[in-house]
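Note: the block below is work.cif and it holds mmCIF, C-alpha atoms.
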data_target
#
loop_
_atom_site.group_PDB
_atom_site.id
_atom_site.type_symbol
_atom_site.label_atom_id
_atom_site.label_comp_id
_atom_site.auth_asym_id
_atom_site.auth_seq_id
_atom_site.Cartn_x
_atom_site.Cartn_y
_atom_site.Cartn_z
ATOM 1 C CA MET N 16 114.564 75.677 95.122
ATOM 2 C CA SER N 17 117.608 75.140 92.934
ATOM 3 C CA THR N 18 120.465 77.637 92.840
ATOM 4 C CA ILE N 19 120.625 80.577 90.429
ATOM 5 C CA LYS N 20 122.372 79.633 87.196
ATOM 6 C CA ARG N 21 125.658 81.320 86.322
ATOM 7 C CA PHE N 22 126.879 82.410 82.896
ATOM 8 C CA ASP N 23 130.263 82.900 81.314
ATOM 9 C CA PHE N 24 130.975 86.500 80.316
ATOM 10 C CA THR N 25 130.111 87.595 76.795
ATOM 11 C CA SER N 26 130.245 91.094 75.313
ATOM 12 C CA VAL N 27 126.851 90.765 73.607
ATOM 13 C CA LEU N 28 124.398 93.382 74.918
ATOM 14 C CA GLY N 29 121.671 92.089 77.171
ATOM 15 C CA TRP N 30 118.055 93.190 76.853
ATOM 16 C CA SER N 31 116.286 94.761 79.827
ATOM 17 C CA VAL N 32 113.174 96.856 80.255
ATOM 18 C CA SER N 33 115.202 99.864 81.422
ATOM 19 C CA ARG N 34 117.755 99.573 78.609
ATOM 20 C CA TYR N 35 115.122 99.418 75.893
ATOM 21 C CA ASP N 36 113.186 102.308 77.481
ATOM 22 C CA ARG N 37 116.336 104.439 77.340
ATOM 23 C CA PHE N 38 116.884 103.370 73.733
ATOM 24 C CA LEU N 39 113.349 104.468 72.800
ATOM 25 C CA ASN N 40 113.500 107.733 74.720
ATOM 26 C CA CYS N 41 116.669 109.164 73.157
ATOM 27 C CA LYS N 42 119.392 107.441 71.164
ATOM 28 C CA ARG N 43 122.033 109.984 72.236
ATOM 29 C CA GLN N 44 121.196 109.498 75.917
ATOM 30 C CA TYR N 45 121.375 105.750 75.296
ATOM 31 C CA PHE N 46 124.834 106.152 73.718
ATOM 32 C CA TYR N 47 126.164 108.098 76.709
ATOM 33 C CA ASP N 48 124.694 105.608 79.156
ATOM 34 C CA TYR N 49 126.030 102.446 77.541
ATOM 35 C CA TYR N 50 128.856 103.423 75.183
ATOM 36 C CA SER N 51 130.666 106.344 76.842
ATOM 37 C CA LYS N 52 134.060 104.683 76.359
ATOM 38 C CA PHE N 53 133.579 105.090 72.590
ATOM 39 C CA GLU N 54 133.023 108.872 72.858
ATOM 40 C CA LYS N 55 135.773 110.700 70.938
ATOM 41 C CA GLU N 56 135.070 114.361 71.778
ATOM 42 C CA ILE N 57 133.978 114.590 75.410
ATOM 43 C CA PRO N 58 136.251 113.323 78.212
ATOM 44 C CA TYR N 59 135.215 109.937 79.575
ATOM 45 C CA GLU N 60 135.371 111.292 83.139
ATOM 46 C CA LYS N 61 132.902 114.049 82.298
ATOM 47 C CA ILE N 62 130.333 111.675 80.860
ATOM 48 C CA ASN N 63 130.710 109.302 83.795
ATOM 49 C CA PHE N 64 130.203 112.153 86.240
ATOM 50 C CA LEU N 65 126.988 113.221 84.510
ATOM 51 C CA LYS N 66 125.863 109.595 84.358
ATOM 52 C CA SER N 67 126.379 109.301 88.130
ATOM 53 C CA LEU N 68 124.036 112.203 88.936
ATOM 54 C CA THR N 69 121.092 111.056 91.004
ATOM 55 C CA SER N 70 117.844 112.882 91.757
ATOM 56 C CA LYS N 71 115.611 113.310 94.773
ATOM 57 C CA VAL N 72 113.022 110.958 93.304
ATOM 58 C CA LEU N 73 115.573 108.362 92.244
ATOM 59 C CA GLU N 74 117.512 108.453 95.503
ATOM 60 C CA SER N 75 114.450 108.151 97.707
ATOM 61 C CA GLY N 76 113.553 105.045 95.704
ATOM 62 C CA ASN N 77 117.067 103.631 96.135
ATOM 63 C CA ILE N 78 116.940 104.148 99.898
ATOM 64 C CA VAL N 79 113.493 102.546 100.195
ATOM 65 C CA HIS N 80 114.643 99.494 98.233
ATOM 66 C CA ASP N 81 117.771 99.118 100.337
ATOM 67 C CA ALA N 82 115.889 99.616 103.608
ATOM 68 C CA ILE N 83 113.311 96.960 102.673
ATOM 69 C CA ARG N 84 116.144 94.665 101.640
ATOM 70 C CA ASP N 85 117.712 95.097 105.082
ATOM 71 C CA VAL N 86 114.393 94.492 106.851
ATOM 72 C CA LEU N 87 113.908 91.256 104.920
ATOM 73 C CA GLU N 88 117.501 90.165 105.560
ATOM 74 C CA ARG N 89 116.884 90.743 109.255
ATOM 75 C CA LEU N 90 113.717 88.629 109.092
ATOM 76 C CA LYS N 91 115.736 85.776 107.597
ATOM 77 C CA LYS N 92 117.716 85.732 110.853
ATOM 78 C CA SER N 93 114.975 86.563 113.346
ATOM 79 C CA SER N 94 111.187 86.865 113.273
ATOM 80 C CA LYS N 95 111.072 89.095 116.343
ATOM 81 C CA PRO N 96 108.785 92.155 115.949
ATOM 82 C CA ILE N 97 110.266 95.176 114.198
ATOM 83 C CA ASN N 98 111.130 98.082 116.501
ATOM 84 C CA LYS N 99 109.854 101.004 114.420
ATOM 85 C CA ASP N 100 111.809 103.668 116.326
ATOM 86 C CA LYS N 101 115.094 101.828 115.775
ATOM 87 C CA LEU N 102 114.182 101.132 112.172
ATOM 88 C CA PHE N 103 113.463 104.775 111.356
ATOM 89 C CA LYS N 104 116.655 105.927 113.087
ATOM 90 C CA TYR N 105 118.564 103.419 110.994
ATOM 91 C CA VAL N 106 116.846 104.566 107.798
ATOM 92 C CA PHE N 107 117.467 108.243 108.610
ATOM 93 C CA THR N 108 121.185 107.523 109.039
ATOM 94 C CA MET N 109 121.107 105.606 105.765
ATOM 95 C CA THR N 110 119.476 108.609 104.085
ATOM 96 C CA GLU N 111 122.150 110.942 105.465
ATOM 97 C CA ASN N 112 124.958 108.710 104.216
ATOM 98 C CA TYR N 113 123.430 108.270 100.774
ATOM 99 C CA CYS N 114 122.851 111.999 100.341
ATOM 100 C CA LYS N 115 126.399 112.836 101.404
ATOM 101 C CA SER N 116 127.931 110.389 98.958
ATOM 102 C CA LYS N 117 125.926 111.355 95.861
ATOM 103 C CA PHE N 118 125.795 114.286 93.453
ATOM 104 C CA PHE N 119 122.237 115.427 92.805
ATOM 105 C CA PHE N 120 120.806 116.509 89.473
ATOM 106 C CA GLU N 121 118.866 119.267 91.256
ATOM 107 C CA SER N 122 122.049 120.667 92.806
ATOM 108 C CA TYR N 123 124.123 120.497 89.634
ATOM 109 C CA TYR N 124 121.615 121.932 87.165
ATOM 110 C CA LYS N 125 119.188 123.878 89.337
ATOM 111 C CA LYS N 126 121.539 124.954 92.140
ATOM 112 C CA GLU N 127 119.131 123.579 94.740
ATOM 113 C CA VAL N 128 120.280 122.576 98.186
ATOM 114 C CA VAL N 129 119.050 119.030 98.708
ATOM 115 C CA MET N 130 117.984 118.560 102.316
ATOM 116 C CA VAL N 131 118.125 115.166 104.016
ATOM 117 C CA PRO N 132 114.758 115.624 105.822
ATOM 118 C CA GLU N 133 113.082 116.258 102.470
ATOM 119 C CA ILE N 134 114.313 112.914 101.130
ATOM 120 C CA PHE N 135 113.631 111.123 104.406
ATOM 121 C CA ASP N 136 110.012 112.303 104.597
ATOM 122 C CA LYS N 137 109.102 110.306 101.491
ATOM 123 C CA VAL N 138 111.273 107.375 102.504
ATOM 124 C CA LYS N 139 109.600 107.187 105.909
ATOM 125 C CA VAL N 140 106.121 107.155 104.361
ATOM 126 C CA CYS N 141 107.133 104.279 102.078
ATOM 127 C CA ILE N 142 108.676 102.218 104.874
ATOM 128 C CA GLU N 143 105.677 102.876 107.117
ATOM 129 C CA GLU N 144 103.347 101.727 104.334
ATOM 130 C CA PHE N 145 105.444 98.604 103.846
ATOM 131 C CA ILE N 146 105.671 97.409 107.459
ATOM 132 C CA SER N 147 101.985 98.232 108.072
ATOM 133 C CA SER N 148 100.765 96.488 104.932
ATOM 134 C CA GLN N 149 98.870 93.274 104.347
ATOM 135 C CA THR N 150 101.816 92.196 102.221
ATOM 136 C CA PHE N 151 104.201 92.413 105.164
ATOM 137 C CA ASP N 152 101.775 90.564 107.448
ATOM 138 C CA TRP N 153 101.348 87.880 104.824
ATOM 139 C CA ILE N 154 105.133 87.449 104.509
ATOM 140 C CA LEU N 155 105.408 87.084 108.296
ATOM 141 C CA ASN N 156 102.548 84.604 108.546
ATOM 142 C CA LYS N 157 102.923 82.546 105.378
ATOM 143 C CA ALA N 158 106.443 82.853 103.964
ATOM 144 C CA ILE N 159 108.567 82.883 107.107
ATOM 145 C CA ASP N 160 108.775 79.075 107.401
ATOM 146 C CA GLN N 161 110.740 78.877 104.142
ATOM 147 C CA ARG N 162 112.832 82.010 104.708
ATOM 148 C CA SER N 163 116.082 80.133 104.094
ATOM 149 C CA GLU N 164 115.004 80.027 100.434
ATOM 150 C CA TRP N 165 114.197 83.734 100.113
ATOM 151 C CA ILE N 166 115.977 85.606 97.330
ATOM 152 C CA ILE N 167 116.393 89.277 98.211
ATOM 153 C CA GLU N 168 117.927 91.448 95.499
ATOM 154 C CA PRO N 169 120.383 88.802 94.262
ATOM 155 C CA GLU N 170 123.949 89.787 93.453
ATOM 156 C CA GLY N 171 124.787 90.879 89.944
ATOM 157 C CA PHE N 172 122.378 92.203 87.336
ATOM 158 C CA GLY N 173 119.923 89.325 87.116
ATOM 159 C CA GLU N 174 121.324 87.777 83.956
ATOM 160 C CA THR N 175 119.093 85.191 82.355
ATOM 161 C CA ARG N 176 118.076 83.871 78.955
ATOM 162 C CA ILE N 177 114.779 84.718 77.272
ATOM 163 C CA GLY N 178 114.468 82.469 74.295
ATOM 164 C CA SER N 179 118.104 82.221 73.253
ATOM 165 C CA LEU N 180 118.908 85.857 74.049
ATOM 166 C CA LYS N 181 120.797 87.393 76.945
ATOM 167 C CA ALA N 182 118.574 89.458 79.210
ATOM 168 C CA TYR N 183 118.688 91.131 82.618
ATOM 169 C CA CYS N 184 115.724 90.865 84.992
ATOM 170 C CA LYS N 185 116.736 91.492 88.604
ATOM 171 C CA VAL N 186 113.976 90.750 91.108
ATOM 172 C CA ASP N 187 113.475 92.707 94.330
ATOM 173 C CA PHE N 188 112.114 89.801 96.367
ATOM 174 C CA LEU N 189 111.312 86.218 95.487
ATOM 175 C CA PHE N 190 110.153 83.538 97.897
ATOM 176 C CA PRO N 191 108.426 80.152 97.873
ATOM 177 C CA ILE N 192 105.315 79.050 99.712
ATOM 178 C CA ASP N 193 104.889 75.308 99.319
ATOM 179 C CA ASN N 194 105.491 74.655 95.603
ATOM 180 C CA LYS N 195 104.557 78.128 94.340
ATOM 181 C CA VAL N 196 106.968 81.033 93.792
ATOM 182 C CA TYR N 197 106.012 84.621 94.591
ATOM 183 C CA ILE N 198 107.691 87.759 93.272
ATOM 184 C CA PHE N 199 107.274 91.250 94.703
ATOM 185 C CA ASP N 200 108.600 94.424 93.116
ATOM 186 C CA TRP N 201 108.625 97.592 95.235
ATOM 187 C CA LYS N 202 107.675 100.893 93.595
ATOM 188 C CA THR N 203 107.859 104.395 95.065
ATOM 189 C CA GLY N 204 106.725 106.265 91.961
ATOM 190 C CA LYS N 205 103.570 106.533 89.906
ATOM 191 C CA PRO N 206 101.863 103.415 88.540
ATOM 192 C CA ASN N 207 102.824 102.540 84.980
ATOM 193 C CA GLU N 208 100.812 99.469 84.123
ATOM 194 C CA LYS N 209 102.399 98.754 80.743
ATOM 195 C CA LYS N 210 106.005 99.126 81.892
ATOM 196 C CA HIS N 211 105.568 97.418 85.246
ATOM 197 C CA SER N 212 103.669 94.473 83.759
ATOM 198 C CA LYS N 213 106.511 94.077 81.278
ATOM 199 C CA GLN N 214 109.047 94.066 84.110
ATOM 200 C CA LEU N 215 107.111 91.475 86.086
ATOM 201 C CA THR N 216 106.777 89.250 83.048
ATOM 202 C CA GLY N 217 110.559 89.401 82.693
ATOM 203 C CA TYR N 218 111.007 88.558 86.375
ATOM 204 C CA SER N 219 108.625 85.625 86.002
ATOM 205 C CA LEU N 220 110.624 84.291 83.072
ATOM 206 C CA TRP N 221 113.797 84.768 85.148
ATOM 207 C CA ALA N 222 112.282 82.659 87.925
ATOM 208 C CA GLY N 223 111.051 80.065 85.471
ATOM 209 C CA TYR N 224 114.454 79.768 83.806
ATOM 210 C CA HIS N 225 116.509 79.539 86.984
ATOM 211 C CA PHE N 226 114.171 77.381 89.067
ATOM 212 C CA ASN N 227 112.499 75.277 86.377
ATOM 213 C CA LYS N 228 109.032 76.638 87.066
ATOM 214 C CA PHE N 229 106.033 76.943 84.766
ATOM 215 C CA ALA N 230 103.908 80.087 84.511
ATOM 216 C CA CYS N 231 101.213 78.500 86.658
ATOM 217 C CA ASP N 232 103.772 78.062 89.461
ATOM 218 C CA ILE N 233 104.620 81.786 89.622
ATOM 219 C CA SER N 234 102.702 84.734 91.069
ATOM 220 C CA ALA N 235 104.059 88.265 90.554
ATOM 221 C CA ALA N 236 102.923 91.604 91.935
ATOM 222 C CA VAL N 237 103.944 95.253 91.987
ATOM 223 C CA VAL N 238 103.707 96.786 95.455
ATOM 224 C CA TYR N 239 103.207 100.559 95.298
ATOM 225 C CA LEU N 240 104.293 102.297 98.508
ATOM 226 C CA PHE N 241 103.749 106.001 97.810
ATOM 227 C CA PRO N 242 101.640 107.870 98.580
ATOM 228 C CA LYS N 243 99.546 104.865 99.689
ATOM 229 C CA TYR N 244 100.059 101.131 99.703
ATOM 230 C CA ASN N 245 98.534 99.364 96.713
ATOM 231 C CA VAL N 246 99.191 95.988 95.108
ATOM 232 C CA LYS N 247 98.825 95.155 91.426
ATOM 233 C CA LYS N 248 99.094 91.469 90.547
ATOM 234 C CA ILE N 249 99.710 90.125 87.069
ATOM 235 C CA ASN N 250 98.804 86.718 85.758
ATOM 236 C CA ILE N 251 101.012 85.109 83.142
ATOM 237 C CA ALA N 252 99.815 82.228 81.008
ATOM 238 C CA GLU N 253 102.137 79.903 79.109
ATOM 239 C CA GLU N 254 101.001 81.473 75.819
ATOM 240 C CA ASP N 255 102.132 84.890 77.093
ATOM 241 C CA ILE N 256 105.692 83.627 77.394
ATOM 242 C CA LYS N 257 106.112 83.018 73.668
ATOM 243 C CA LYS N 258 104.761 86.496 72.896
ATOM 244 C CA PHE N 259 107.190 87.997 75.383
ATOM 245 C CA GLU N 260 110.106 86.089 73.861
ATOM 246 C CA GLN N 261 109.158 87.536 70.479
ATOM 247 C CA THR N 262 109.034 91.042 71.975
ATOM 248 C CA VAL N 263 112.496 90.637 73.498
ATOM 249 C CA GLU N 264 113.859 89.342 70.183
ATOM 250 C CA LYS N 265 112.346 92.285 68.283
ATOM 251 C CA GLU N 266 113.631 94.890 70.747
ATOM 252 C CA SER N 267 117.086 93.297 70.943
ATOM 253 C CA ASN N 268 117.364 93.365 67.149
ATOM 254 C CA GLU N 269 116.435 97.057 67.153
ATOM 255 C CA MET N 270 119.346 97.769 69.519
ATOM 256 C CA TYR N 271 121.662 95.498 67.510
ATOM 257 C CA GLY N 272 120.919 97.741 64.531
ATOM 258 C CA TYR N 273 123.023 100.497 66.119
ATOM 259 C CA LEU N 274 126.110 98.296 66.421
ATOM 260 C CA LEU N 275 129.071 97.786 64.118
ATOM 261 C CA ASP N 276 129.838 94.465 65.774
ATOM 262 C CA VAL N 277 127.051 92.630 67.608
ATOM 263 C CA GLU N 278 129.264 89.957 69.184
ATOM 264 C CA SER N 279 131.678 92.541 70.613
ATOM 265 C CA ASN N 280 128.942 95.113 71.335
ATOM 266 C CA ILE N 281 130.774 97.886 69.474
ATOM 267 C CA PRO N 282 128.513 100.819 68.529
ATOM 268 C CA LYS N 283 128.341 102.854 65.400
ATOM 269 C CA ASP N 284 129.616 106.428 65.548
ATOM 270 C CA LYS N 285 127.881 108.795 67.960
ATOM 271 C CA LYS N 286 126.321 110.749 65.104
ATOM 272 C CA GLU N 287 124.260 107.642 64.315
ATOM 273 C CA PHE N 288 122.584 108.066 67.727
ATOM 274 C CA PRO N 289 120.402 111.151 67.170
ATOM 275 C CA ILE N 290 119.201 113.522 69.874
ATOM 276 C CA ASN N 291 115.480 113.171 70.424
ATOM 277 C CA LYS N 292 114.315 116.496 71.777
ATOM 278 C CA ASN N 293 111.253 116.075 73.979
ATOM 279 C CA LYS N 294 109.850 117.077 77.357
ATOM 280 C CA LEU N 295 112.192 114.635 79.102
ATOM 281 C CA CYS N 296 115.253 116.647 78.051
ATOM 282 C CA ASP N 297 114.800 118.866 81.111
ATOM 283 C CA TYR N 298 115.352 115.810 83.306
ATOM 284 C CA CYS N 299 118.282 114.352 81.365
ATOM 285 C CA ASN N 300 121.688 114.126 83.052
ATOM 286 C CA TYR N 301 123.436 114.899 79.756
ATOM 287 C CA GLN N 302 121.509 118.018 78.802
ATOM 288 C CA GLU N 303 124.544 120.291 78.970
ATOM 289 C CA LEU N 304 126.300 118.154 76.322
ATOM 290 C CA CYS N 305 123.416 118.527 73.907
ATOM 291 C CA LYS N 306 123.110 122.263 74.465
#
Can the structure from this file be put into structure tokens for me?
Amino acid sequence: MSTIKRFDFTSVLGWSVSRYDRFLNCKRQYFYDYYSKFEKEIPYEKINFLKSLTSKVLESGNIVHDAIRDVLERLKKSSKPINKDKLFKYVFTMTENYCKSKFFFESYYKKEVVMVPEIFDKVKVCIEEFISSQTFDWILNKAIDQRSEWIIEPEGFGETRIGSLKAYCKVDFLFPIDNKVYIFDWKTGKPNEKKHSKQLTGYSLWAGYHFNKFACDISAAVVYLFPKYNVKKINIAEEDIKKFEQTVEKESNEMYGYLLDVESNIPKDKKEFPINKNKLCDYCNYQELCK
């Protein structure tokens, strides 16, 4: 495969599934996430601290992704069988280190004591499901011969172009078998068919853009790891690509509408980003600012 294309820096905002989801959920939350340096009333350090809060669910997902990344990186160097005892000891140490270095939402707002074994229990289930899965066996049997071409969580944010617009679509794992490209995205939460299909479509366009592939050359799947292993594949036709480009253009223009300067990505005043009170407020890192 060819190398990943690089882009010169521009200030223009880049579309992503997660960014647009945050925009839809609450404009004020979106402002704090992406435009905290333009906040005039609340100290920048305070907003950044709240932004950095993780949660038990989020952190277990982070650890699972990083552990799978490390397993795959190891397989690129050696196809020897995985020693499960050593792997789980390694992942437990990883869990300890991650928990020590992070501030948890549950601790800050709910005064809970977050216990490492509690996080590790879910992580272990996910890793066990992964290394015992048909997907893992298939990677070992079919993809290993071209492992030098594997792309495992590439550096950066996955910048690409969808249509003529900047976008971010960072894949978890991409690999070739013969002339076909496969994309896997690991999930530790509940299935969300609409959102996850949208993500995989973006990843497929990322692969197509960077490696000059057509839709028929790409196969993408979500791999759910908790509580049980399950795979959901999506099929993308060439006609779907144009529709997706139109969706990205529409959603990008909606976000542009909250800017004073699109080219410099300068937002309107905070008051133009209204608070959207809903059931998700109880899980928002910035809830104390709104109250």
note - atom CA of Arg21 of chain N and atom CA of Arg34 of chain N are separated by 21.3 Å
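In this model, the gap between atom CA of Glu254 of chain N and atom CA of Ile19 of chain N comes to 24.5 Å.
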Name the residues captured by the PyMOL selection byres ((chain N and resi 214) around 12) when it is applied to the shown file; answer as a ChimeraX atom specification. /N:30-36,182-187,198-202,207-213,215-221,235-237,249,259,263
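If you measure from each of N:Gln149, N:Glu88, N:Val238, N:Lys66 to Tyr45 of chain N using all atoms listed in the file, the closest one turns out to be N:Lys66.
Distance annotation: of N:Leu304, N:Ile167, N:Ile142, N:Ile177, the residue with the minimal separation from Lys257 of chain N is N:Ile177; atom set is all atoms listed in the file.
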Give me the residues near Leu73 of chain N as a short mmCIF file (atom, residue, chain, number, x, y, z; two decimals) with C-alpha atoms, in the frame of the given file, where near means some atom within 10 Å (using all atoms listed in the file) and where sequence neighbours in that chain fewer than 5 positions away do not count.
data_model
loop_
_atom_site.label_atom_id
_atom_site.label_comp_id
_atom_site.auth_asym_id
_atom_site.auth_seq_id
_atom_site.Cartn_x
_atom_site.Cartn_y
_atom_site.Cartn_z
CA LEU N 68 124.04 112.20 88.94
CA ILE N 78 116.94 104.15 99.90
CA PHE N 119 122.24 115.43 92.80
CA THR N 203 107.86 104.40 95.06
CA GLY N 204 106.72 106.26 91.96
#
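In terms of minimum interatomic distance to Phe103 of chain N, N:Val140 ranks closest within N:Leu274, N:Val140, N:Val128, N:Leu87, counting all atoms listed in the file.
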Extract segment 171-193 of chain N from the preceding block and save N, CA and C atoms as a compact mmCIF listing (two decimals), in the first residue's frame.
# COMPACT_ATOMS: atom_id res chain seq x y z
N GLY N 171 -1.22 10.92 14.95
CA GLY N 171 -2.06 12.05 14.59
C GLY N 171 -3.53 11.77 14.80
N PHE N 172 -4.36 12.54 14.12
CA PHE N 172 -5.81 12.48 14.33
C PHE N 172 -6.56 11.87 13.14
N GLY N 173 -5.83 11.33 12.18
CA GLY N 173 -6.49 10.73 11.04
C GLY N 173 -7.03 11.75 10.06
N GLU N 174 -6.25 12.82 9.82
CA GLU N 174 -6.74 13.85 8.91
C GLU N 174 -6.88 13.30 7.50
N THR N 175 -7.94 13.72 6.85
CA THR N 175 -8.20 13.30 5.48
C THR N 175 -9.02 14.38 4.80
N ARG N 176 -9.47 14.11 3.60
CA ARG N 176 -10.37 15.00 2.88
C ARG N 176 -11.58 14.19 2.44
N ILE N 177 -12.76 14.71 2.74
CA ILE N 177 -14.01 14.10 2.28
C ILE N 177 -14.68 15.14 1.40
N GLY N 178 -14.76 14.83 0.12
CA GLY N 178 -15.07 15.88 -0.84
C GLY N 178 -13.88 16.82 -0.85
N SER N 179 -14.14 18.08 -0.62
CA SER N 179 -13.04 19.06 -0.52
C SER N 179 -12.81 19.51 0.91
N LEU N 180 -13.49 18.87 1.87
CA LEU N 180 -13.48 19.35 3.25
C LEU N 180 -12.52 18.57 4.13
N LYS N 181 -11.94 19.27 5.09
CA LYS N 181 -11.08 18.62 6.08
C LYS N 181 -11.93 17.75 6.99
N ALA N 182 -11.43 16.57 7.29
CA ALA N 182 -12.14 15.65 8.17
C ALA N 182 -11.12 14.81 8.93
N TYR N 183 -11.58 14.25 10.05
CA TYR N 183 -10.73 13.37 10.87
C TYR N 183 -11.44 12.03 11.04
N CYS N 184 -10.76 10.97 10.63
CA CYS N 184 -11.30 9.61 10.70
C CYS N 184 -10.15 8.67 11.04
N LYS N 185 -9.89 8.49 12.31
CA LYS N 185 -8.73 7.69 12.73
C LYS N 185 -9.12 6.24 12.94
N VAL N 186 -8.54 5.35 12.13
CA VAL N 186 -8.88 3.93 12.22
C VAL N 186 -8.17 3.26 13.39
N ASP N 187 -8.79 2.21 13.93
CA ASP N 187 -8.13 1.40 14.96
C ASP N 187 -7.13 0.44 14.33
N PHE N 188 -7.56 -0.25 13.27
CA PHE N 188 -6.71 -1.28 12.66
C PHE N 188 -7.10 -1.45 11.21
N LEU N 189 -6.12 -1.31 10.34
CA LEU N 189 -6.34 -1.49 8.91
C LEU N 189 -5.25 -2.41 8.38
N PHE N 190 -5.64 -3.36 7.53
CA PHE N 190 -4.64 -4.29 7.00
C PHE N 190 -5.10 -4.81 5.64
N PRO N 191 -4.15 -5.17 4.80
CA PRO N 191 -4.49 -5.74 3.49
C PRO N 191 -4.42 -7.26 3.49
N ILE N 192 -5.27 -7.87 2.70
CA ILE N 192 -5.14 -9.28 2.34
C ILE N 192 -5.29 -9.32 0.83
N ASP N 193 -4.21 -9.69 0.16
CA ASP N 193 -4.15 -9.61 -1.30
C ASP N 193 -4.39 -8.16 -1.71
